[in-house]
>>> print(open('my_file_16.tsv').read())   # TSV, C-alpha atoms
chain	number	residue	atom	x	y	z
I	222	MET	CA	58.63	-2.21	81.71
I	223	LEU	CA	57.90	-5.73	82.97
I	224	PHE	CA	57.75	-7.02	79.38
I	225	GLY	CA	61.12	-5.40	78.65
I	226	ALA	CA	62.64	-7.08	81.73
I	227	PHE	CA	61.25	-10.43	80.57
I	228	VAL	CA	62.68	-9.95	77.05
I	229	PHE	CA	66.07	-8.88	78.47
I	230	THR	CA	66.13	-11.95	80.74
I	231	ALA	CA	65.18	-14.20	77.82
I	232	GLY	CA	68.11	-12.75	75.88
I	233	TRP	CA	70.42	-13.41	78.82
I	234	PHE	CA	69.33	-17.04	78.97
I	235	ALA	CA	69.62	-17.31	75.17
I	236	TRP	CA	73.32	-16.60	75.62
I	237	THR	CA	73.82	-19.91	77.47
I	238	PRO	CA	73.41	-22.28	74.47
I	239	LEU	CA	75.62	-19.92	72.45
I	240	GLU	CA	78.27	-20.15	75.18
I	241	TYR	CA	78.10	-23.95	75.01
I	242	ALA	CA	78.20	-24.02	71.19
I	243	ILE	CA	81.07	-21.54	70.93
I	244	HIS	CA	83.14	-23.27	73.60
I	245	GLY	CA	82.23	-26.90	73.03
I	246	TRP	CA	81.72	-27.10	69.29
I	247	LEU	CA	83.68	-24.21	67.77
I	248	GLY	CA	86.40	-24.16	70.44
I	249	HIS	CA	87.02	-27.89	70.72
I	250	ARG	CA	85.49	-29.81	67.83
I	251	MET	CA	85.88	-27.63	64.74
I	252	ASN	CA	89.06	-26.15	63.29
I	253	GLY	CA	88.86	-22.43	62.70
I	254	VAL	CA	89.55	-19.08	64.27
I	255	VAL	CA	87.58	-19.87	67.46
I	256	HIS	CA	89.49	-23.13	67.89
I	257	ALA	CA	92.83	-21.35	67.47
I	258	MET	CA	91.93	-18.66	70.02
I	259	HIS	CA	90.56	-21.23	72.45
I	260	ASP	CA	93.62	-23.43	72.06
I	261	ALA	CA	95.74	-20.40	73.01
I	262	HIS	CA	93.60	-20.05	76.15
I	263	HIS	CA	94.18	-23.71	77.07
I	264	ARG	CA	97.94	-23.24	76.62
I	265	ASP	CA	97.89	-19.94	78.55
I	266	PRO	CA	94.79	-19.59	80.77
I	267	ALA	CA	95.62	-15.90	81.35
I	268	ARG	CA	94.27	-15.34	77.83
I	269	VAL	CA	90.86	-15.54	79.41
I	270	PHE	CA	88.92	-12.85	77.54
I	271	ALA	CA	87.24	-13.30	74.14
I	272	VAL	CA	88.73	-9.96	73.17
I	273	GLY	CA	88.11	-10.15	69.44
I	274	ALA	CA	84.35	-10.34	69.98
I	275	TRP	CA	83.96	-7.11	71.94
I	276	PRO	CA	84.44	-4.43	69.21
I	277	PRO	CA	82.00	-5.96	66.69
I	278	LEU	CA	79.50	-6.71	69.47
I	279	ALA	CA	79.68	-3.11	70.73
I	280	ALA	CA	79.22	-1.83	67.18
I	281	ALA	CA	76.24	-4.13	66.60
I	282	LEU	CA	74.66	-3.07	69.91
I	283	ALA	CA	75.18	0.63	69.18
I	284	GLY	CA	73.81	0.21	65.66
I	285	SER	CA	70.80	-1.70	66.94
I	286	VAL	CA	69.96	0.99	69.50
I	287	TYR	CA	70.63	3.81	67.03
I	288	PHE	CA	68.59	2.38	64.14
I	289	SER	CA	65.85	0.51	66.03
I	290	GLY	CA	65.67	2.08	69.46
I	291	PHE	CA	64.83	-0.06	72.43
I	292	ASN	CA	62.39	-2.38	70.70
I	293	PRO	CA	61.98	-6.00	71.88
I	294	ALA	CA	64.62	-7.34	69.47
I	295	THR	CA	67.18	-4.81	70.66
I	296	ILE	CA	66.32	-5.49	74.30
I	297	PHE	CA	66.72	-9.24	73.66
I	298	PHE	CA	70.09	-8.58	72.00
I	299	LEU	CA	71.14	-6.43	74.97
I	300	GLY	CA	70.19	-9.30	77.29
I	301	ALA	CA	72.28	-11.75	75.27
I	302	ALA	CA	75.19	-9.29	75.35
I	303	ALA	CA	74.76	-9.02	79.14
I	304	GLY	CA	74.95	-12.82	79.30
I	305	PHE	CA	78.20	-12.67	77.34
I	306	ALA	CA	79.54	-9.99	79.70
I	307	ALA	CA	78.56	-12.13	82.71
I	308	TYR	CA	80.36	-15.07	81.08
I	309	GLU	CA	83.50	-12.97	80.60
I	310	ILE	CA	83.42	-11.83	84.25
I	311	GLU	CA	82.76	-15.32	85.59
I	312	HIS	CA	85.44	-16.85	83.35
I	313	TYR	CA	87.94	-14.29	84.61
I	314	ARG	CA	86.96	-14.96	88.24
I	315	ILE	CA	87.27	-18.73	87.73
I	316	HIS	CA	90.89	-18.30	86.65
I	317	PHE	CA	92.00	-15.30	88.75
I	318	ALA	CA	89.96	-15.30	91.99
I	319	ARG	CA	88.85	-17.51	94.83
I	320	PRO	CA	85.14	-18.40	94.62
I	321	ALA	CA	82.82	-15.95	96.35
I	322	CYS	CA	79.99	-18.50	96.80
I	323	ALA	CA	79.11	-22.17	96.40
I	324	TYR	CA	77.94	-21.63	92.80
I	325	GLU	CA	81.33	-20.14	91.84
I	326	ALA	CA	83.14	-22.99	93.60
I	327	ARG	CA	81.13	-25.56	91.59
I	328	MET	CA	81.65	-23.74	88.29
I	329	ARG	CA	85.34	-23.20	89.04
I	330	ALA	CA	85.82	-26.89	89.83
I	331	ARG	CA	84.07	-27.88	86.59
I	332	HIS	CA	85.98	-25.40	84.43
I	333	LEU	CA	89.41	-26.07	85.91
I	334	GLY	CA	88.62	-29.78	85.65
I	335	HIS	CA	87.88	-29.13	81.97
I	336	HIS	CA	91.24	-27.38	81.59
I	337	TYR	CA	93.46	-29.79	83.50
I	338	ALA	CA	91.74	-33.19	83.49
I	339	ALA	CA	88.83	-33.50	81.06
I	340	PRO	CA	89.08	-31.20	78.02
I	341	ALA	CA	86.30	-33.09	76.20
I	342	ARG	CA	83.86	-32.46	79.08
I	343	CYS	CA	82.30	-29.58	81.03
I	344	PHE	CA	82.03	-26.95	78.28
I	345	GLY	CA	79.56	-24.77	80.18
I	346	VAL	CA	81.32	-22.00	82.07
I	347	THR	CA	78.32	-20.18	83.55
I	348	VAL	CA	75.77	-23.02	83.53
I	349	ALA	CA	76.06	-26.80	83.53
I	350	TRP	CA	72.69	-27.81	82.09
I	351	TRP	CA	73.79	-27.84	78.42
I	352	ASP	CA	76.52	-30.33	79.32
I	353	ARG	CA	73.82	-32.56	80.82
I	354	ILE	CA	71.58	-32.13	77.77
I	355	PHE	CA	74.35	-32.81	75.22
I	356	GLY	CA	76.10	-35.57	77.21
I	357	SER	CA	79.36	-33.75	77.90
I	358	GLU	CA	78.89	-33.56	81.68
I	359	ALA	CA	81.54	-35.41	83.67
I	360	PRO	CA	80.32	-38.48	85.57
I	361	ALA	CA	79.44	-37.91	89.24
I	362	GLU	CA	82.67	-39.45	90.56
I	363	GLU	CA	84.78	-37.30	88.23
I	364	ARG	CA	82.85	-34.16	89.30
I	365	ALA	CA	83.46	-35.13	92.94
I	366	ARG	CA	87.22	-35.37	92.25
I	367	MET	CA	87.11	-31.97	90.51
I	368	ALA	CA	85.26	-30.44	93.47
I	369	ALA	CA	87.72	-31.95	95.95
I	370	ALA	CA	90.70	-30.58	93.99
I	371	GLU	CA	89.27	-27.06	93.51
I	372	PRO	CA	90.32	-25.54	96.87
I	373	SER	CA	93.94	-26.57	96.27
I	374	LEU	CA	94.14	-24.85	92.87
I	375	ALA	CA	95.49	-21.36	93.40
I	376	PRO	CA	94.06	-18.54	91.29
I	377	LEU	CA	96.30	-17.27	88.52
I	378	ALA	CA	98.52	-14.35	89.38
I	379	GLY	CA	99.68	-11.65	87.02
I	380	ARG	CA	97.99	-10.03	84.06
I	381	SER	CA	95.27	-11.28	81.77
I	382	ASN	CA	94.85	-10.35	78.13
I	383	LEU	CA	92.43	-7.57	79.16
I	384	GLY	CA	95.43	-5.39	80.01
I	385	TRP	CA	96.82	-6.09	76.57
I	386	ILE	CA	93.71	-4.59	75.01
I	387	ILE	CA	93.77	-1.54	77.25
I	388	ARG	CA	97.39	-0.89	76.30
I	389	GLY	CA	96.50	-1.46	72.63
I	390	CYS	CA	98.89	-4.29	71.92
I	391	TRP	CA	99.10	-8.06	72.07
I	392	PRO	CA	102.11	-9.48	73.90
I	393	ARG	CA	104.75	-11.33	72.00
I	394	ARG	CA	104.81	-14.93	73.14
I	395	ALA	CA	107.06	-17.77	72.11
>>> encode(input="my_file_16.tsv", output="structure tokens")
Amino acid sequence: MLFGAFVFTAGWFAWTPLEYAIHGWLGHRMNGVVHAMHDAHHRDPARVFAVGAWPPLAAALAGSVYFSGFNPATIFFLGAAAGFAAYEIEHYRIHFARPACAYEARMRARHLGHHYAAPARCFGVTVAWWDRIFGSEAPAEERARMAAAEPSLAPLAGRSNLGWIIRGCWPRRA
């Protein structure tokens, strides 16, 4: 049981470099489907969910459990998927809710700073350490400006693209 919890947690933490790579490299530096979807999110932050990833991820998780059971690899994969789910929840909260704690306020300031002031910086949404490691962290004075501006930035109102999935259609946008 303890080993399974360790493996699950390791999978969760393994999500964090994937988050950075998907957002920072595929979303900003390389042309492709991820870049196109991420560009749509920058133009319309209400498109906050990585909706195209959910069905294949759910199928892969179900297949892994069905064919392999709850072995360490499957538990690791489940942990990584939980990290992705936590990312989706936190990303939604950053855009649509007031921070519930100091951590959320810091991450909200960084992410909204990324959106509105520094798109080549602050790629981490749930953790900041990969930005420090890869040199994409904003300088201290820029982070201070982001933190000072955060309370004045109202959360988004209205619907996100999650509702579009539930209704089974994508909205027509100009």
>>> residues_around(input="my_file_16.tsv", residues="region 281-296 of chain I", least_positions_apart="5", cutoff="12 Å", atoms="only C-alpha atoms", output="PyMOL selection string")
chain I and resi 222-233+274-276+301-303
>>> closest_residue(input="my_file_16.tsv", among="I:Pro266, I:Gly304, I:Gly273, I:Gly248", to="Val348 (chain I)", atoms="all atoms listed in the file")
I:Gly304
>>> closest_residue(input="my_file_16.tsv", among="I:Glu358, I:Leu299, I:Arg327, I:Ala242", to="Arg342 (chain I)", atoms="only C-alpha atoms")
I:Glu358
>>> atom_distance(input="my_file_16.tsv", atom1="CA of Ala370 (chain I)", atom2="CA of Val346 (chain I)")
17.4 Å
>>> closest_residue(input="my_file_16.tsv", among="I:His312, I:Arg268, I:Arg250, I:Arg331", to="Asn382 (chain I)", atoms="all atoms listed in the file")
I:Arg268
>>> closest_residue(input="my_file_16.tsv", among="I:Ala235, I:Ala375, I:Val255, I:Ala261", to="Pro320 (chain I)", atoms="all atoms listed in the file")
I:Ala375
>>> atom_distance(input="my_file_16.tsv", atom1="CA of Ala369 (chain I)", atom2="CA of Ala349 (chain I)")
17.8 Å
>>> residues_around(input="my_file_16.tsv", residues="His336 (chain I)", least_positions_apart="4", cutoff="8 Å", atoms="only C-alpha atoms", output="list of chain:residue names")
I:His263, I:His332, I:Pro340
>>> atom_distance(input="my_file_16.tsv", atom1="CA of Leu278 (chain I)", atom2="CA of Leu239 (chain I)")
14.1 Å
>>> closest_residue(input="my_file_16.tsv", among="I:Gly245, I:Pro277, I:Gly379, I:Pro372", to="Glu325 (chain I)", atoms="all atoms listed in the file")
I:Pro372
>>> closest_residue(input="my_file_16.tsv", among="I:Ala361, I:Ile354, I:Phe270, I:Ala368", to="Tyr324 (chain I)", atoms="all atoms listed in the file")
I:Ala368
